[in-house]
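Everything below belongs to input-v5.txt, which stores compact mmCIF, C-alpha atoms.
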# COMPACT_ATOMS: atom_id res chain seq x y z
CA MET S 1 53.07 -87.47 81.56
CA ILE S 2 52.90 -86.90 77.80
CA SER S 3 56.17 -88.76 77.28
CA LYS S 4 55.05 -91.76 79.33
CA SER S 5 51.64 -91.77 77.64
CA LYS S 6 53.27 -92.05 74.24
CA ALA S 7 55.59 -94.80 75.46
CA GLU S 8 52.59 -96.72 76.87
CA ASN S 9 50.51 -96.08 73.73
CA ALA S 10 47.98 -94.34 75.96
CA PHE S 11 46.17 -90.98 75.99
CA SER S 12 47.24 -88.06 78.18
CA VAL S 13 44.35 -86.55 80.15
CA VAL S 14 44.14 -83.49 82.41
CA ILE S 15 41.32 -83.38 84.97
CA SER S 16 40.21 -79.92 86.03
CA PHE S 17 37.18 -78.17 87.48
CA TYR S 18 34.79 -75.65 85.95
CA PRO S 19 34.28 -73.04 87.15
CA HIS S 20 37.37 -72.49 89.30
CA PRO S 21 36.53 -73.68 92.87
CA TYR S 22 37.25 -70.19 94.23
CA LYS S 23 34.46 -68.86 91.99
CA ILE S 24 32.01 -70.87 94.11
CA LEU S 25 33.71 -70.95 97.52
CA ARG S 26 35.50 -67.58 97.60
CA PRO S 27 34.02 -65.47 94.78
CA HIS S 28 35.69 -62.26 95.96
CA GLU S 29 39.11 -63.94 95.75
CA CYS S 30 38.64 -65.55 92.34
CA SER S 31 41.10 -63.90 89.98
CA LEU S 32 42.19 -66.18 87.16
CA ILE S 33 45.77 -66.19 85.90
CA ASN S 34 44.35 -67.54 82.64
CA THR S 35 40.80 -67.74 81.33
CA TYR S 36 39.31 -71.18 80.75
CA GLU S 37 39.75 -70.76 76.99
CA GLU S 38 43.42 -69.79 77.42
CA LYS S 39 44.00 -72.80 79.62
CA GLU S 40 42.51 -75.07 76.97
CA GLU S 41 44.69 -73.52 74.26
CA MET S 42 47.90 -73.89 76.30
CA LEU S 43 47.16 -77.51 77.22
CA GLU S 44 46.52 -78.28 73.56
CA GLU S 45 49.80 -76.59 72.58
CA LEU S 46 51.62 -78.75 75.14
CA GLY S 47 50.26 -81.86 73.47
CA ILE S 48 47.60 -83.01 75.96
CA ASP S 49 45.10 -85.34 74.29
CA TYR S 50 42.05 -84.69 76.47
CA LEU S 51 40.86 -82.13 79.03
CA VAL S 52 38.12 -83.33 81.37
CA GLU S 53 36.36 -80.45 83.14
CA ILE S 54 34.21 -81.54 86.06
CA GLU S 55 31.39 -79.17 86.99
CA PHE S 56 32.09 -77.62 90.38
CA ASP S 57 29.32 -76.37 92.68
CA ARG S 58 28.51 -76.26 96.40
CA ASP S 59 27.16 -79.80 96.47
CA PHE S 60 30.22 -81.12 94.65
CA SER S 61 32.53 -79.36 97.13
CA ASN S 62 30.99 -81.44 99.94
CA LEU S 63 31.46 -84.75 98.13
CA GLU S 64 33.37 -87.24 100.27
CA SER S 65 36.89 -88.00 99.05
CA HIS S 66 36.33 -91.68 98.31
CA VAL S 67 33.09 -90.89 96.43
CA PHE S 68 34.93 -88.40 94.23
CA LEU S 69 37.66 -90.92 93.43
CA GLU S 70 35.24 -93.74 92.64
CA LYS S 71 32.70 -91.67 90.71
CA TYR S 72 34.97 -89.31 88.78
CA VAL S 73 38.47 -90.80 88.58
CA PHE S 74 38.65 -94.57 88.98
CA ILE S 75 35.35 -95.06 87.20
CA ASN S 76 37.68 -95.36 84.20
CA HIS S 77 39.11 -98.87 84.51
CA GLN S 78 41.73 -98.28 81.83
CA ILE S 79 43.85 -95.77 83.75
CA LYS S 80 47.52 -96.74 83.50
CA GLY S 81 49.09 -93.91 85.48
CA LEU S 82 48.20 -90.93 87.64
CA TYR S 83 50.18 -87.73 88.30
CA LEU S 84 49.45 -85.32 91.14
CA GLY S 85 50.79 -82.04 92.44
CA HIS S 86 52.82 -82.30 95.66
CA ASP S 87 50.22 -80.32 97.64
CA PHE S 88 47.06 -81.66 96.01
CA ALA S 89 44.14 -82.18 98.42
CA PHE S 90 40.42 -82.53 97.85
CA GLY S 91 37.10 -83.22 99.52
CA PRO S 92 35.55 -81.57 102.60
CA ASN S 93 38.26 -79.89 104.70
CA LYS S 94 40.79 -81.28 102.19
CA SER S 95 40.41 -84.72 103.72
CA GLY S 96 41.51 -86.39 100.49
CA THR S 97 45.28 -86.65 100.32
CA ASN S 98 47.92 -88.05 97.99
CA GLN S 99 48.29 -90.98 100.38
CA LEU S 100 44.64 -91.89 99.89
CA ILE S 101 44.99 -91.80 96.08
CA GLU S 102 48.22 -93.80 96.28
CA LYS S 103 46.37 -96.59 98.08
CA TYR S 104 43.70 -96.63 95.37
CA CYS S 105 46.43 -96.86 92.73
CA ASP S 106 48.32 -99.62 94.56
CA ASP S 107 45.12 -101.66 94.85
CA ARG S 108 44.59 -101.36 91.09
CA ASN S 109 48.22 -101.73 89.99
CA ILE S 110 48.25 -98.16 88.57
CA PHE S 111 51.47 -96.18 88.18
CA PHE S 112 51.45 -93.23 90.62
CA GLU S 113 53.72 -90.20 90.84
CA VAL S 114 53.63 -87.05 92.98
CA GLN S 115 55.41 -84.08 91.45
CA GLN S 116 58.19 -82.49 93.46
CA LYS S 117 58.06 -78.90 94.63
CA TYR S 118 59.20 -76.58 91.87
CA SER S 119 61.32 -73.60 92.84
CA VAL S 120 62.66 -70.55 91.01
CA SER S 121 65.27 -68.36 92.75
CA GLU S 122 64.48 -70.14 96.02
CA MET S 123 60.75 -69.35 95.68
CA ASN S 124 58.36 -72.31 95.74
CA VAL S 125 56.18 -71.81 92.68
CA SER S 126 52.44 -71.77 93.28
CA SER S 127 49.42 -70.07 91.74
CA THR S 128 48.96 -68.12 94.99
CA LEU S 129 52.49 -66.69 94.78
CA ILE S 130 52.12 -65.90 91.07
CA ARG S 131 48.84 -64.06 91.70
CA GLN S 132 50.42 -62.03 94.47
CA LYS S 133 53.35 -61.00 92.27
CA ILE S 134 50.94 -59.86 89.55
CA ILE S 135 48.82 -57.93 92.07
CA ASP S 136 52.00 -56.27 93.37
CA GLY S 137 53.01 -55.26 89.85
CA GLU S 138 56.04 -57.56 89.88
CA VAL S 139 55.18 -58.96 86.46
CA ASP S 140 58.83 -59.71 85.68
CA VAL S 141 58.99 -62.00 88.73
CA ALA S 142 55.62 -63.55 87.84
CA GLY S 143 57.00 -64.21 84.36
CA SER S 144 60.03 -66.04 85.76
CA LEU S 145 57.71 -68.22 87.88
CA LEU S 146 55.45 -68.97 84.92
CA GLU S 147 58.41 -69.39 82.52
CA ARG S 148 56.51 -67.08 80.15
CA ASN S 149 55.23 -63.55 80.31
CA PHE S 150 51.91 -63.02 82.07
CA PHE S 151 49.44 -61.80 79.45
CA ILE S 152 45.95 -60.41 79.02
CA ALA S 153 44.08 -60.86 75.75
CA GLY S 154 40.93 -59.26 74.45
CA LEU S 155 39.26 -57.29 71.69
CA VAL S 156 40.10 -53.70 70.86
CA LYS S 157 37.09 -51.50 71.59
CA LYS S 158 36.26 -47.88 70.87
CA GLY S 159 37.66 -45.56 73.51
CA ASP S 160 37.38 -41.81 73.95
CA GLY S 161 40.10 -41.19 71.37
CA ARG S 162 42.07 -38.97 73.73
CA GLY S 163 45.35 -40.77 73.03
CA LYS S 164 45.17 -39.99 69.33
CA LYS S 165 44.31 -36.33 70.03
CA ILE S 166 47.48 -35.90 72.12
CA GLY S 167 49.64 -37.72 69.59
CA VAL S 168 49.86 -41.08 71.36
CA PRO S 169 47.14 -43.38 69.92
CA THR S 170 46.20 -46.30 72.13
CA ALA S 171 44.29 -49.55 71.75
CA ASN S 172 41.63 -49.85 74.45
CA LEU S 173 41.32 -53.52 75.46
CA GLU S 174 38.04 -55.21 76.32
CA PHE S 175 38.99 -58.18 78.50
CA ASP S 176 37.53 -60.78 80.85
CA HIS S 177 37.35 -59.13 84.29
CA ASP S 178 37.46 -62.55 85.98
CA LYS S 179 41.11 -62.49 84.98
CA ILE S 180 43.62 -60.94 87.32
CA ALA S 181 45.03 -57.55 86.30
CA PRO S 182 48.44 -56.19 87.31
CA LYS S 183 48.76 -53.39 89.83
CA ASN S 184 47.75 -50.02 88.39
CA GLY S 185 50.57 -48.35 86.54
CA VAL S 186 52.54 -48.27 83.31
CA TYR S 187 54.28 -51.34 81.89
CA ALA S 188 56.74 -52.24 79.17
CA THR S 189 54.83 -54.79 77.11
CA LYS S 190 54.82 -56.89 73.96
CA THR S 191 51.63 -56.86 71.92
CA THR S 192 50.67 -59.61 69.51
CA LEU S 193 48.20 -59.00 66.68
CA GLY S 194 47.62 -62.13 64.63
CA THR S 195 51.07 -63.48 63.81
CA ARG S 196 52.86 -60.16 64.41
CA THR S 197 54.38 -59.04 67.71
CA PHE S 198 55.27 -55.42 68.52
CA TYR S 199 56.91 -53.60 71.40
CA SER S 200 54.48 -51.41 73.33
CA VAL S 201 53.78 -49.51 76.52
CA THR S 202 50.59 -50.25 78.45
CA ASN S 203 48.65 -48.35 81.08
CA VAL S 204 46.57 -50.27 83.64
CA GLY S 205 44.29 -48.16 85.80
CA TYR S 206 41.32 -45.86 86.17
CA ASN S 207 42.44 -42.92 83.97
CA PRO S 208 42.50 -40.58 87.01
CA THR S 209 43.50 -37.54 84.95
CA PHE S 210 40.23 -37.68 83.00
CA ASN S 211 37.67 -39.51 85.14
CA ASP S 212 36.98 -41.36 88.38
CA SER S 213 35.78 -44.64 86.87
CA GLN S 214 35.96 -47.67 89.14
CA LEU S 215 36.49 -50.04 86.21
CA ILE S 216 40.03 -51.07 85.35
CA HIS S 217 41.11 -49.89 81.90
CA ILE S 218 43.95 -51.38 79.85
CA GLU S 219 45.27 -49.15 77.09
CA THR S 220 48.26 -49.96 74.92
CA HIS S 221 50.37 -47.72 72.72
CA ILE S 222 52.07 -49.86 70.07
CA PHE S 223 55.38 -48.46 68.83
CA ASP S 224 55.73 -47.54 65.15
CA PHE S 225 52.20 -48.69 64.39
CA ASP S 226 49.35 -46.95 62.57
CA GLU S 227 46.54 -49.32 61.65
CA ASP S 228 42.80 -49.44 62.37
CA ILE S 229 42.44 -52.49 64.63
CA TYR S 230 39.02 -51.94 66.21
CA GLY S 231 37.42 -55.32 66.86
CA GLU S 232 40.74 -57.17 66.48
CA LYS S 233 42.09 -59.48 69.18
CA LEU S 234 45.26 -58.40 70.97
CA LYS S 235 47.48 -60.33 73.35
CA ILE S 236 49.44 -58.08 75.70
CA GLU S 237 52.44 -59.59 77.51
CA PHE S 238 53.56 -57.70 80.62
CA CYS S 239 57.36 -57.54 80.91
CA LYS S 240 58.21 -54.84 83.46
CA ARG S 241 56.42 -52.20 85.55
CA ILE S 242 57.79 -48.74 84.79
CA ARG S 243 55.88 -46.60 87.28
CA GLY S 244 52.70 -46.28 89.30
CA GLU S 245 49.50 -44.51 88.28
CA ILE S 246 49.60 -40.70 88.51
CA LYS S 247 46.92 -38.03 88.29
CA PHE S 248 48.34 -35.15 86.26
CA SER S 249 47.41 -31.49 86.68
CA SER S 250 47.61 -30.74 82.96
CA ILE S 251 47.56 -32.44 79.56
CA ASP S 252 51.06 -31.12 78.85
CA SER S 253 52.54 -32.82 81.91
CA LEU S 254 50.73 -36.04 80.97
CA VAL S 255 52.13 -35.97 77.42
CA LEU S 256 55.65 -35.34 78.72
CA GLN S 257 55.39 -38.28 81.11
CA ILE S 258 54.01 -40.56 78.38
CA LYS S 259 57.01 -39.74 76.18
CA ASN S 260 59.32 -40.61 79.08
CA ASP S 261 57.40 -43.86 79.62
CA ILE S 262 57.77 -44.78 75.95
CA GLN S 263 61.50 -44.17 76.12
CA SER S 264 61.84 -46.24 79.32
CA ALA S 265 59.85 -49.10 77.79
CA LYS S 266 61.93 -49.05 74.59
CA GLU S 267 65.17 -49.16 76.59
CA PHE S 268 64.00 -52.10 78.69
CA LEU S 269 62.52 -54.09 75.81
CA SER S 270 65.62 -53.62 73.65
CA HIS S 271 67.58 -55.58 76.28
CA ASP S 272 64.84 -58.08 77.17

Could you show the structure in this file as structure tokens?
Amino acid sequence: MISKSKAENAFSVVISFYPHPYKILRPHECSLINTYEEKEEMLEELGIDYLVEIEFDRDFSNLESHVFLEKYVFINHQIKGLYLGHDFAFGPNKSGTNQLIEKYCDDRNIFFEVQQKYSVSEMNVSSTLIRQKIIDGEVDVAGSLLERNFFIAGLVKKGDGRGKKIGVPTANLEFDHDKIAPKNGVYATKTTLGTRTFYSVTNVGYNPTFNDSQLIHIETHIFDFDEDIYGEKLKIEFCKRIRGEIKFSSIDSLVLQIKNDIQSAKEFLSHD
């Protein structure tokens, strides 16, 4: 789309909804792969000229297909081309189809293209599949589907300081809980601070050895790193799940396992 836009001396525009439709229609199932801000940043990096975010609510979800097209899409009479996903559908009961949009485009002499299914290792790529792989802890598979590592970003907040006391200091991440988190466990990760990227090992879970909190915690131990980064923004890329979450009977057994985790993460990342 960007290439054709440049050739046609036109602008490239992405139309999206805010908030995510699931946030309104299925709030308990709404786990974002990327936050709205992250999506904006990635689209800008790709070279998209404009992002149009249409406000989504219950009333909007019941808007008839042809009304949506006329009021929100073809109200712009300077559209030269339109690109759609192969399974795009809209309107009540998904009554709006690619065929309906194609007719609108034909009537207006607008270039129209439906994207083909995209597959990786014989898996048809979709946001639903990617979410499931992340939920299952298969972050390496999710990364191959995304063609980048799945990541979570946030600010480093004050924790209980237990990691430092046992000789393994960790950065405790404050993140947007609307974003999907990988299955509880320990992961080989890459952590970016500003323009610097480090290898790291990250724990996702409830800290069962120390408490019974129901809030997901993300704590990262950055290798060969000793700086005060409270309040700094970190980006943690999940590369491989090392093990599941374990409740240890003693601090000593926890420390021994953490050392093994660090070694496993280093071995994996050195070949990544």

### Message
Applying 12 Å and only C-alpha atoms, which residues near stretch 83-93 of chain S remain after dropping the ones on its own chain fewer than 2 positions away? List them as a PyMOL selection string.
### Response
chain S and resi 1-2+4-5+12-17+21+25+56+58-69+79-81+95-102+105+110-118+124-127

### Query
Nearest to S:Ala153 among S:Lys103, S:Lys233, S:Arg108, S:His77, with distances taken over all atoms listed in the file: which residue is it?
S:Lys233

### Message
Counting all atoms listed in the file, which residue out of S:Asn184, S:Thr191, S:Ser144, S:Thr202 sits closest to S:Ile216?
### Response
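Smallest distance to S:Ile216 is found for S:Asn184.
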
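Checking S:Glu174, S:Ile222, S:Lys247, S:Ala188 one by one against S:Tyr206, counting all atoms listed in the file, you find the shortest gap at S:Lys247.
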
Neighbour list for S:Lys235 as a PDB file with C-alpha atoms, in the coordinates of the input, cut-off 10 Å, only C-alpha atoms, skip fewer than 2 positions in-chain:
ATOM      1  CA  PHE S 151      49.440 -61.800  79.450  1.00  0.00           C
ATOM      2  CA  ILE S 152      45.950 -60.410  79.020  1.00  0.00           C
ATOM      3  CA  ALA S 153      44.080 -60.860  75.750  1.00  0.00           C
ATOM      4  CA  GLY S 154      40.930 -59.260  74.450  1.00  0.00           C
ATOM      5  CA  LEU S 155      39.260 -57.290  71.690  1.00  0.00           C
ATOM      6  CA  LEU S 173      41.320 -53.520  75.460  1.00  0.00           C
ATOM      7  CA  THR S 189      54.830 -54.790  77.110  1.00  0.00           C
ATOM      8  CA  LYS S 190      54.820 -56.890  73.960  1.00  0.00           C
ATOM      9  CA  THR S 191      51.630 -56.860  71.920  1.00  0.00           C
ATOM     10  CA  THR S 192      50.670 -59.610  69.510  1.00  0.00           C
ATOM     11  CA  LEU S 193      48.200 -59.000  66.680  1.00  0.00           C
ATOM     12  CA  GLY S 194      47.620 -62.130  64.630  1.00  0.00           C
ATOM     13  CA  THR S 197      54.380 -59.040  67.710  1.00  0.00           C
ATOM     14  CA  LYS S 233      42.090 -59.480  69.180  1.00  0.00           C
ATOM     15  CA  GLU S 237      52.440 -59.590  77.510  1.00  0.00           C
ATOM     16  CA  PHE S 238      53.560 -57.700  80.620  1.00  0.00           C
TER      17      PHE S 238
END

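Comparing S:Thr128, S:Met123, S:Glu227, S:Gly205 by their smallest distance to S:Ala171, the closest is S:Glu227 (using all atoms listed in the file).
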
### Task
Would you mind telling me which residue in S:Glu45, S:Asp224, S:Asp272, S:Glu8 lies nearest to S:Asp140 when using only C-alpha atoms?
S:Asp272

### Task
Just the residues within 8 Å of S:Leu32, please, counting only C-alpha atoms, with nothing from its chain fewer than 2 positions along; format it as a PyMOL selection string.
chain S and resi 30+34-35+178-180

### Which of S:Val186, S:His271, S:Phe11, S:Ala181 sits closest to S:Leu215 [using only C-alpha atoms]
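Among S:Val186, S:His271, S:Phe11, S:Ala181, it is S:Ala181 that comes nearest to S:Leu215.
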
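Interatomic distance, atom CA of S:Ile218 to atom CA of S:Arg148: 20.1 Å.
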
### Task
One decimal, Å: what's the distance from atom CA of S:Val156 over to atom CA of S:Ile229, could you say?
6.8 Å

### Task
Name all residues at most 8 Å from S:Gly137 (count all atoms listed in the file; drop same-chain ones fewer than 2 positions away) and give them as a PyMOL selection string.
chain S and resi 133-135+139+182-184+241

### Query
What is the atom CA of S:Leu46 to atom CA of S:Phe150 distance in Å?
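These atoms are spaced 17.2 Å apart.
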
### Query
What's the 12 Å shell around stretch 158-165 of chain S, counting all atoms listed in the file, without same-chain residues fewer than 6 positions away, as an MDAnalysis selection string?
chainID S and resid 171:174 203 207 209:211 217:222 226 228:232 251 254:255 258

For stretch 53-61 of chain S, I'd like the enclosing box, axis-aligned and padded by 6 Å on every side, reported as lines of an AutoDock Vina configuration file with centre and edge lengths in Å to one decimal.
center_x = 31.8
center_y = -78.9
center_z = 90.1
size_x = 21.2
size_y = 17.3
size_z = 26.0

Incomplete stretch 230-255 of chain S brought to N, CA and C atoms, written out as a PDB file, in the coordinates of the input:
ATOM      1  N   TYR S 230      40.230 -51.773  65.414  1.00  0.00           N
ATOM      2  CA  TYR S 230      39.020 -51.940  66.210  1.00  0.00           C
ATOM      3  C   TYR S 230      38.388 -53.304  65.926  1.00  0.00           C
ATOM      4  N   GLY S 231      38.034 -54.008  66.997  1.00  0.00           N
ATOM      5  CA  GLY S 231      37.420 -55.320  66.860  1.00  0.00           C
ATOM      6  C   GLY S 231      38.412 -56.459  66.716  1.00  0.00           C
ATOM      7  N   GLU S 232      39.705 -56.132  66.594  1.00  0.00           N
ATOM      8  CA  GLU S 232      40.740 -57.170  66.480  1.00  0.00           C
ATOM      9  C   GLU S 232      41.139 -57.675  67.866  1.00  0.00           C
ATOM     10  N   LYS S 233      41.640 -58.906  67.905  1.00  0.00           N
ATOM     11  CA  LYS S 233      42.090 -59.480  69.180  1.00  0.00           C
ATOM     12  C   LYS S 233      43.572 -59.171  69.390  1.00  0.00           C
ATOM     13  N   LEU S 234      43.881 -58.667  70.578  1.00  0.00           N
ATOM     14  CA  LEU S 234      45.260 -58.400  70.970  1.00  0.00           C
ATOM     15  C   LEU S 234      45.647 -59.271  72.157  1.00  0.00           C
ATOM     16  N   LYS S 235      46.907 -59.641  72.189  1.00  0.00           N
ATOM     17  CA  LYS S 235      47.480 -60.330  73.350  1.00  0.00           C
ATOM     18  C   LYS S 235      48.603 -59.439  73.873  1.00  0.00           C
ATOM     19  N   ILE S 236      48.469 -58.993  75.119  1.00  0.00           N
ATOM     20  CA  ILE S 236      49.440 -58.080  75.700  1.00  0.00           C
ATOM     21  C   ILE S 236      50.239 -58.822  76.782  1.00  0.00           C
ATOM     22  N   GLU S 237      51.545 -58.942  76.557  1.00  0.00           N
ATOM     23  CA  GLU S 237      52.440 -59.590  77.510  1.00  0.00           C
ATOM     24  C   GLU S 237      53.110 -58.508  78.375  1.00  0.00           C
ATOM     25  N   PHE S 238      53.015 -58.679  79.688  1.00  0.00           N
ATOM     26  CA  PHE S 238      53.560 -57.700  80.620  1.00  0.00           C
ATOM     27  C   PHE S 238      54.977 -58.091  81.016  1.00  0.00           C
ATOM     28  N   CYS S 239      55.944 -57.217  80.694  1.00  0.00           N
ATOM     29  CA  CYS S 239      57.360 -57.540  80.910  1.00  0.00           C
ATOM     30  C   CYS S 239      57.949 -56.857  82.131  1.00  0.00           C
ATOM     31  N   LYS S 240      57.593 -55.583  82.359  1.00  0.00           N
ATOM     32  CA  LYS S 240      58.210 -54.840  83.460  1.00  0.00           C
ATOM     33  C   LYS S 240      57.346 -53.635  83.816  1.00  0.00           C
ATOM     34  N   ARG S 241      57.156 -53.397  85.114  1.00  0.00           N
ATOM     35  CA  ARG S 241      56.420 -52.200  85.550  1.00  0.00           C
ATOM     36  C   ARG S 241      57.375 -51.011  85.553  1.00  0.00           C
ATOM     37  N   ILE S 242      56.958 -49.933  84.911  1.00  0.00           N
ATOM     38  CA  ILE S 242      57.790 -48.740  84.790  1.00  0.00           C
ATOM     39  C   ILE S 242      57.520 -47.758  85.921  1.00  0.00           C
ATOM     40  N   ARG S 243      56.249 -47.544  86.212  1.00  0.00           N
ATOM     41  CA  ARG S 243      55.880 -46.600  87.280  1.00  0.00           C
ATOM     42  C   ARG S 243      54.453 -46.859  87.722  1.00  0.00           C
ATOM     43  N   GLY S 244      54.054 -46.189  88.804  1.00  0.00           N
ATOM     44  CA  GLY S 244      52.700 -46.280  89.300  1.00  0.00           C
ATOM     45  C   GLY S 244      51.772 -45.313  88.567  1.00  0.00           C
ATOM     46  N   GLU S 245      50.494 -45.377  88.906  1.00  0.00           N
ATOM     47  CA  GLU S 245      49.500 -44.510  88.280  1.00  0.00           C
ATOM     48  C   GLU S 245      49.568 -43.115  88.910  1.00  0.00           C
ATOM     49  N   ILE S 246      49.486 -42.086  88.066  1.00  0.00           N
ATOM     50  CA  ILE S 246      49.600 -40.700  88.510  1.00  0.00           C
ATOM     51  C   ILE S 246      48.442 -39.882  87.957  1.00  0.00           C
ATOM     52  N   LYS S 247      47.909 -38.990  88.775  1.00  0.00           N
ATOM     53  CA  LYS S 247      46.920 -38.030  88.290  1.00  0.00           C
ATOM     54  C   LYS S 247      47.646 -36.735  87.967  1.00  0.00           C
ATOM     55  N   PHE S 248      47.596 -36.321  86.699  1.00  0.00           N
ATOM     56  CA  PHE S 248      48.340 -35.150  86.260  1.00  0.00           C
ATOM     57  C   PHE S 248      47.476 -33.894  86.307  1.00  0.00           C
ATOM     58  N   SER S 249      48.124 -32.767  86.551  1.00  0.00           N
ATOM     59  CA  SER S 249      47.410 -31.490  86.680  1.00  0.00           C
ATOM     60  C   SER S 249      47.115 -30.862  85.324  1.00  0.00           C
ATOM     61  N   SER S 250      47.825 -31.316  84.291  1.00  0.00           N
ATOM     62  CA  SER S 250      47.610 -30.740  82.960  1.00  0.00           C
ATOM     63  C   SER S 250      47.889 -31.787  81.892  1.00  0.00           C
ATOM     64  N   ILE S 251      47.330 -31.542  80.693  1.00  0.00           N
ATOM     65  CA  ILE S 251      47.560 -32.440  79.560  1.00  0.00           C
ATOM     66  C   ILE S 251      49.029 -32.417  79.172  1.00  0.00           C
ATOM     67  N   ASP S 252      49.648 -31.246  79.232  1.00  0.00           N
ATOM     68  CA  ASP S 252      51.060 -31.120  78.850  1.00  0.00           C
ATOM     69  C   ASP S 252      51.958 -31.998  79.712  1.00  0.00           C
ATOM     70  N   SER S 253      51.712 -32.004  81.021  1.00  0.00           N
ATOM     71  CA  SER S 253      52.540 -32.820  81.910  1.00  0.00           C
ATOM     72  C   SER S 253      52.292 -34.307  81.670  1.00  0.00           C
ATOM     73  N   LEU S 254      51.051 -34.650  81.305  1.00  0.00           N
ATOM     74  CA  LEU S 254      50.730 -36.040  80.970  1.00  0.00           C
ATOM     75  C   LEU S 254      51.489 -36.478  79.718  1.00  0.00           C
ATOM     76  N   VAL S 255      51.461 -35.635  78.674  1.00  0.00           N
ATOM     77  CA  VAL S 255      52.130 -35.970  77.420  1.00  0.00           C
ATOM     78  C   VAL S 255      53.629 -36.137  77.640  1.00  0.00           C
TER      79      VAL S 255
END
